[in-house]
Amino acid sequence: MPRPDSRSAVSAFQRWAGPVWVWTVVGAMVVAGSLGVADFALLSNFQAVGQAAVPLAVVAIGETFVILTGGIDISVAAMLSLGNTLSMGLMAGHEGRVWFAILLTVLAGLAAGATSGLIVAKLRVPSFIVTLGAANIVQGIVFAYTKQGTYGSPAPSLVNLGYANWGPFPALVILLLPLLAVALWVQNRTRAGRHVYATGGDPAIARLAGISVTRVRIAAFAASGGLAALAGVVISMRLGSGEPLAGTGFDWDAVTAVVIGGTALRGGKGGVGGTIGGVLIVAMINDFMNLQGISTFWQTVAKGIVIFAAVIAGAGTELLTRRRRQLLRHLPGSAAREAPAHG
Amino acid sequence: MSTTLTATGTPVLEASRIGKRFGFTVALDEVSATFRAGEIHALLGENGAGKTTLTRIIAGVESADTGELRFAGERVDFASPAAALAQGIGLIHQELSLIPSLSVGANVFLGREPRTTRGSVDDRAIHRQTSAILRYVGASCRSGDVVESLPLAQQQLVEIARILDRRPRLLIMDEPTASLSRENVARLFEIMRELRDSGVAIVYISHEIQEVFAIADRVTVLRDGRVTMTKPISETKADEVVRMMVGRELEALFPPRKQVARSPQPVLEVAGLSLPGHFEDVSFSLYAGEVVGLAGLVGAGRSELVQSLFGAPPSPLTPRDLGGSVSVHGRRVTISSPREAIAQGIGLVPEDRKTEGLLLTLALAENITLPQLAELARYGVVDRARGARLAAEQIARLRIVTPSAAVPVRSLSGGNQQKVVLAKWLAKRCSILLLDEPTRGVDIGAKTEIYAFVRELAENGTAVLFISSSLPEILGLSDRILVMRRGRIEAEHEPDTTSEERLLSAALGLAREERPEHAEA
């Protein structure tokens with residue numbers, strides 16, 4: 001029987017919610033914001049932060065899976081623009097076409113992502129380059145069919161949903177919960193999830209264990225493409241139209257959220273739970289600055305500093321633990337190496 | 001899953017006339033062997049004799065060029081270790097095949113996770129079964145522990161547990177005891193006997209001859225990719241086994257030694273050098289004009305020692321983790337980086353020239369001049385004409401076969417690539433040259449040439465320390481021979497008064513008389 005102790009309680013928390021320190025920072029930011037930033041501690045402000053954070057959360061969940069496999073997807077911004085304009089074009093303000101438009105859009109995102117994944121997995125091209133190419137192609141296509149102008153419009157009910165609150169909670173946040181639950185379930189409770197971690201941890205060993213690393217990678221990029229397209233639908237609820245540059249900035253914001261959330265860029269470690277914490281941190285930085293009337297230029301600088309802090313903290317502890325283990329492993333008296341048999 | 005076990009003595013796996021080449025090297029030459037149910041079959045041989053290659057072919061990690069495998073009477077050709085394991089062939093290697101960032105349980109069930117009726121991974125079943133198998137092998141870690149947080153011995157036990165949980169009919173163990181404590185080894189032997197008695201065929205590779213005589217029923221010796229002996233263990237002795245392991249003809253390709261008068265002061269003096277986990281209390285001196293061979297088994301710590309002397313101990317360790325002292329020309333030095341080592345006149349020809357010795361896409365001339373750009377440069381601008389002259393000199397001197405000095409090193413043959421690595425340090429004129437397996441993967445012609453250059457360098461006053469896994473090479477080229485075993489200098493031999501058998505015995509820890517001044521610690 002599993003013996004519950006503090007160590008396993010911590011690791012269970014980390015499996016579902018991410019590193020403790022990420023949530024400590026989130027908590028600290030809430031406290032600091034409430035004390036130091038005017039208008040921060042209002043319910044309406046929390047609701048606004050929540051609503052604004054949802055599209056990024058959707059994109060970042062997909063990005064998490066790609067990064068867990070050891071890749072990176074920088075085409076999510078273009079995919080979001082695609083999802084946004086494609087769904088709005090298909091919907092064109094008709095209530096009856098909502099589900100049809102969402103379904104086709106997500107399928108398009110899945111297909112585009114799977115194509116990137118196929119190239120990454122089969123041709124062993126670094127995913128950074130592949131998705132850079134994919135981003136250009138997709139964004140170019142979006143410009144071509146939108147003629148760089150506003151394109152299509154959402155059904156009115158969607159627009160309402162974008163700013164609605166159910167009780168004290170923003171509707172978008174409530175709608176995000178089932179998606180988050182599915183992502184966490186896949187990550188922690190399915191074979192596919194386990195194989196994602198194995199692929200990122202060591203693809204050669206994963207392959208030797210009979211895992212199809214190719215399939216895992218394709219699936220991760222497909223999920224990232226599909227979710228970015230879905231985020232395009234979500235953002236239309238707030239924009240009220242299809243915009244060919246709707247996704248601008250989402251690529252690096254997504255990577256930022258994932259990295260701040262404790263997922264290692266080398267892959268194999270981290271998860272969706274921490275990413276949500278990372279999304280909240282990014283959203284709150286933006287909110288602080290907006291409330292204080294600080295320009296977006298400085299918001300960008302602040303995000304950069306947060307990335308540095310997160311990466312340095314992560315890399316530093318990683319290096320220290322590896323060194324400590326290597327040294328501990330071979331201390332006299334440790335189980336690893338005893339006196340030679342002839343001593 | 002295979003639990004139908006065959007009666008004792010029936011062949012479980014028959015390998016017939018297996019052949020395998022890697023480039024110039026013949027790894028296996030018509031090797032035939034039969035592994036029987038209920039038998040522990042030891043596979044012995046020097047480094048590079050072909051033991052590991054044979055087991056990797058049997059377990060589906062690599063495929064044979066020629067020959068055939070019959071498993072339980074049927075011809076097989078496994079596409080992957082997972083396929084072989086599913087059929088009942090389990091391989092426990094020296095290198096771990098665990099994913100460090102995953103938990104013990106996730107590793108034990110990797111690729112075959114049990115599922116509940118709802119489709120999720122059945123973590124309870126994993127936990128239950130993993131805990132049981134860990135208890136069985138005597139591991140103290142738990143199913144939920146992350147592999148990378150465990151000591152090496154526990155990781156090795158997890159590896160063993162992972163394979164045993166599949167209940168293989170043929171179990172191959174390639175040096176499973178290297179990192180285990182004595183209790184762990186004792187428990188492992190108990191398990192091996194239990195498995196044997198229940199009809200499992202076990203192939204056991206070890207460098208510990210005493211262990212082999214304690215546990216094996218039959219022994220097969222490989223030498224240079226050929227089987228030299230197969231006998232029941234009761235009909236042989238340790239000295240016969242060692243004799244069958246060595247005994248290659250000494251090729252007449254070594255340059256004659258010239259007695260150079262030894263200067264009173266060593267060029268390099270190493271005293272009590274230690275690196276946690278790799279080597280301990282290593283002391284020796286190196287004099288100008290001599291070639292010193294460093295013999296030992298793979299894993300004895302030889303490469304790590306020369307890397308450390310070059311200021312680049314294996315990651316994540318750093319030069320700061322080194323204990324002991326190093327003196328160059330009588331002056332105590334701290335070698336904190338390869339840059340510092342080069343400044344002290346130390347050069348290293350690393351074991352893997354492709355990843356550590358050469359910039360494959362750069363031109364030959366650029367590779368040769370790389371360590372001395374500072375001398376070739378004026379105000380930071382490299383004098384290309386001088387660089388080209390220097391490269392041309394070295395190409396002629398080492399007889400590097402190339403269309404021009406401008407071709408990328410990648411396009412050269414292995415032997416010529418290795419000469420380029422040597423040329424780098426020849427051009428630099430270092431006073432201490434460290435060579436790690438300088439002739440690996442090099443054809444005979446280039447080998448002779450490399451031997452001649454090493455000798456020539458020594459005659460010009462360079463002190464050379466070279467690692468080789470080929471005992472004939474060690475005997476043929478060295479003025480003195482140091483034998484390393486388990487991170488310590490075990491013995492010092494003179495080439496004229498020693499033999500391959502005696503060197504191998506020292507490397508295996510069978511001989512204890514060689515270094516009286518360092519008697520039993």
# chains A, B, ... in the order shown; residues from 1 in each chain; ligands from 1
call {"tool": "residues_around", "arguments": {"residues": "A:Leu177", "least_positions_apart": "6", "cutoff": "12 Å", "atoms": "only C-alpha atoms", "output": "list in words"}}
result
Val54, Ala57, Val58, Ile61, Phe169, Pro170, Ala171, Ala183, Leu184, Gly273 and Ile276 of chain A
call {"tool": "write_last_selection", "arguments": {"atoms": "N, CA and C atoms", "output": "mmCIF file, in the first residue's frame"}}
result
data_model
loop_
_atom_site.group_PDB
_atom_site.id
_atom_site.type_symbol
_atom_site.label_atom_id
_atom_site.label_comp_id
_atom_site.auth_asym_id
_atom_site.auth_seq_id
_atom_site.Cartn_x
_atom_site.Cartn_y
_atom_site.Cartn_z
ATOM 1 N N VAL A 54 -7.818 33.385 -20.739
ATOM 2 C CA VAL A 54 -8.276 32.100 -21.285
ATOM 3 C C VAL A 54 -7.679 31.756 -22.652
ATOM 4 N N ALA A 57 -4.283 30.552 -22.122
ATOM 5 C CA ALA A 57 -4.270 29.254 -21.451
ATOM 6 C C ALA A 57 -4.499 28.128 -22.455
ATOM 7 N N VAL A 58 -5.445 28.326 -23.387
ATOM 8 C CA VAL A 58 -5.749 27.282 -24.371
ATOM 9 C C VAL A 58 -4.515 27.006 -25.233
ATOM 10 N N ILE A 61 -1.649 25.282 -23.146
ATOM 11 C CA ILE A 61 -1.848 23.859 -22.833
ATOM 12 C C ILE A 61 -1.284 23.005 -23.968
ATOM 13 N N PHE A 169 -17.955 34.031 -11.550
ATOM 14 C CA PHE A 169 -16.874 33.532 -12.418
ATOM 15 C C PHE A 169 -17.104 33.893 -13.874
ATOM 16 N N PRO A 170 -16.059 34.278 -14.575
ATOM 17 C CA PRO A 170 -16.191 34.529 -16.013
ATOM 18 C C PRO A 170 -16.580 33.231 -16.721
ATOM 19 N N ALA A 171 -17.502 33.314 -17.681
ATOM 20 C CA ALA A 171 -17.978 32.138 -18.400
ATOM 21 C C ALA A 171 -16.821 31.415 -19.088
ATOM 22 N N ALA A 183 -6.955 17.691 -20.404
ATOM 23 C CA ALA A 183 -5.502 17.776 -20.602
ATOM 24 C C ALA A 183 -4.759 17.122 -19.440
ATOM 25 N N LEU A 184 -5.212 17.407 -18.213
ATOM 26 C CA LEU A 184 -4.555 16.815 -17.046
ATOM 27 C C LEU A 184 -4.736 15.302 -17.026
ATOM 28 N N GLY A 273 -0.428 21.781 -15.310
ATOM 29 C CA GLY A 273 -0.803 22.491 -14.089
ATOM 30 C C GLY A 273 0.054 23.724 -13.867
ATOM 31 N N ILE A 276 -0.673 26.639 -16.204
ATOM 32 C CA ILE A 276 -1.788 27.522 -15.826
ATOM 33 C C ILE A 276 -1.286 28.597 -14.861
#
call {"tool": "residues_around", "arguments": {"residues": "B:Val292", "least_positions_apart": "4", "cutoff": "6 Å", "atoms": "only C-alpha atoms", "output": "PyMOL selection string"}}
result
chain B and resi 465+478-481
call {"tool": "interface_residues", "arguments": {"of": "chain B", "to": "chain A", "cutoff": "6 Å", "atoms": "only C-alpha atoms", "output": "NGL selection string"}}
result
:B and (81-82 or 97 or 99 or 101 or 111 or 120-121 or 151-153 or 179 or 181 or 276-277 or 316)
call {"tool": "residues_around", "arguments": {"residues": "stretch 12-29 of chain A", "least_positions_apart": "4", "cutoff": "8 Å", "atoms": "only C-alpha atoms", "output": "list in words"}}
result
Ser8, Gly33, Leu184, Asn188, Ile260, Gly261, Gly262, Gly270, Gly271, Val272, Gly273, Gly274, Thr275, Gly277, Gly278, Leu280, Ile281 and Met284 of chain A
call {"tool": "residues_around", "arguments": {"residues": "stretch 331-336 of chain B", "least_positions_apart": "4", "cutoff": "8 Å", "atoms": "only C-alpha atoms", "output": "JSON, numbers by chain"}}
result
{"B": [309, 310, 311, 312, 319, 320, 325, 326, 327, 340, 341]}
call {"tool": "write_last_selection", "arguments": {"atoms": "C-alpha atoms", "output": "JSON list (two decimals), in the first residue's frame"}}
result
[["chain", "number", "residue", "atom", "x", "y", "z"],
["B", 309, "LEU", "CA", 44.44, 16.13, -16.75],
["B", 310, "PHE", "CA", 43.26, 18.14, -19.75],
["B", 311, "GLY", "CA", 40.96, 20.21, -17.52],
["B", 312, "ALA", "CA", 37.75, 18.62, -18.76],
["B", 319, "PRO", "CA", 38.07, 20.54, -12.28],
["B", 320, "ARG", "CA", 37.16, 21.85, -8.84],
["B", 325, "SER", "CA", 47.95, 17.61, -7.12],
["B", 326, "VAL", "CA", 49.40, 17.95, -10.61],
["B", 327, "SER", "CA", 52.83, 19.39, -11.36],
["B", 340, "GLU", "CA", 44.70, 26.24, -19.17],
["B", 341, "ALA", "CA", 45.93, 22.73, -20.09]]
call {"tool": "residues_around", "arguments": {"residues": "B:Phe254", "least_positions_apart": "2", "cutoff": "10 Å", "atoms": "only C-alpha atoms", "output": "mmCIF file with N, CA and C atoms, in the first residue's frame"}}
result
data_model
loop_
_atom_site.group_PDB
_atom_site.id
_atom_site.type_symbol
_atom_site.label_atom_id
_atom_site.label_comp_id
_atom_site.auth_asym_id
_atom_site.auth_seq_id
_atom_site.Cartn_x
_atom_site.Cartn_y
_atom_site.Cartn_z
ATOM 1 N N LEU B 250 51.582 -10.778 -32.182
ATOM 2 C CA LEU B 250 52.122 -9.422 -32.124
ATOM 3 C C LEU B 250 52.473 -8.997 -33.533
ATOM 4 N N GLU B 251 51.766 -8.027 -34.010
ATOM 5 C CA GLU B 251 52.072 -7.586 -35.366
ATOM 6 C C GLU B 251 53.382 -6.812 -35.344
ATOM 7 N N ALA B 252 54.158 -6.985 -36.400
ATOM 8 C CA ALA B 252 55.465 -6.319 -36.439
ATOM 9 C C ALA B 252 55.298 -4.926 -37.003
ATOM 10 N N PRO B 256 60.989 0.634 -33.366
ATOM 11 C CA PRO B 256 61.900 0.225 -32.281
ATOM 12 C C PRO B 256 61.954 1.293 -31.209
ATOM 13 N N ARG B 257 62.124 0.828 -29.959
ATOM 14 C CA ARG B 257 62.289 1.791 -28.862
ATOM 15 C C ARG B 257 63.714 2.277 -28.852
ATOM 16 N N LYS B 447 47.498 2.803 -38.784
ATOM 17 C CA LYS B 447 47.953 2.470 -37.433
ATOM 18 C C LYS B 447 49.480 2.527 -37.357
ATOM 19 N N THR B 448 50.151 1.821 -38.263
ATOM 20 C CA THR B 448 51.628 1.818 -38.252
ATOM 21 C C THR B 448 52.162 3.231 -38.325
ATOM 22 N N GLU B 449 51.561 4.045 -39.175
ATOM 23 C CA GLU B 449 52.044 5.414 -39.303
ATOM 24 C C GLU B 449 51.855 6.186 -37.994
ATOM 25 N N ILE B 450 50.692 5.977 -37.378
ATOM 26 C CA ILE B 450 50.435 6.675 -36.111
ATOM 27 C C ILE B 450 51.453 6.240 -35.053
ATOM 28 N N TYR B 451 51.763 4.928 -34.998
ATOM 29 C CA TYR B 451 52.769 4.448 -34.036
ATOM 30 C C TYR B 451 54.101 5.140 -34.278
ATOM 31 N N ALA B 452 54.474 5.248 -35.558
ATOM 32 C CA ALA B 452 55.758 5.854 -35.887
ATOM 33 C C ALA B 452 55.805 7.313 -35.434
ATOM 34 N N ARG B 455 56.202 7.608 -31.672
ATOM 35 C CA ARG B 455 57.594 7.349 -31.299
ATOM 36 C C ARG B 455 58.469 8.551 -31.649
ATOM 37 N N PRO B 472 48.284 -5.868 -27.409
ATOM 38 C CA PRO B 472 49.465 -5.863 -28.274
ATOM 39 C C PRO B 472 49.967 -4.445 -28.512
ATOM 40 N N GLU B 473 49.051 -3.519 -28.675
ATOM 41 C CA GLU B 473 49.441 -2.132 -28.906
ATOM 42 C C GLU B 473 50.165 -1.574 -27.687
ATOM 43 N N LEU B 475 51.773 -3.262 -25.398
ATOM 44 C CA LEU B 475 53.078 -3.910 -25.263
ATOM 45 C C LEU B 475 54.051 -3.410 -26.316
ATOM 46 N N GLY B 476 53.545 -3.172 -27.528
ATOM 47 C CA GLY B 476 54.430 -2.840 -28.638
ATOM 48 C C GLY B 476 54.933 -1.415 -28.602
ATOM 49 N N LEU B 477 54.136 -0.518 -28.048
ATOM 50 C CA LEU B 477 54.463 0.903 -28.176
ATOM 51 C C LEU B 477 55.041 1.522 -26.903
ATOM 52 N N SER B 478 54.763 0.900 -25.753
ATOM 53 C CA SER B 478 55.088 1.581 -24.495
ATOM 54 C C SER B 478 56.534 1.378 -24.051
#
call {"tool": "select_by_dssp", "arguments": {"residues": "stretch 182-247 of chain B", "states": "strand (DSSP E)", "output": "VMD selection string"}}
result
chain B and resid 201 to 205 218 to 223 226 to 232
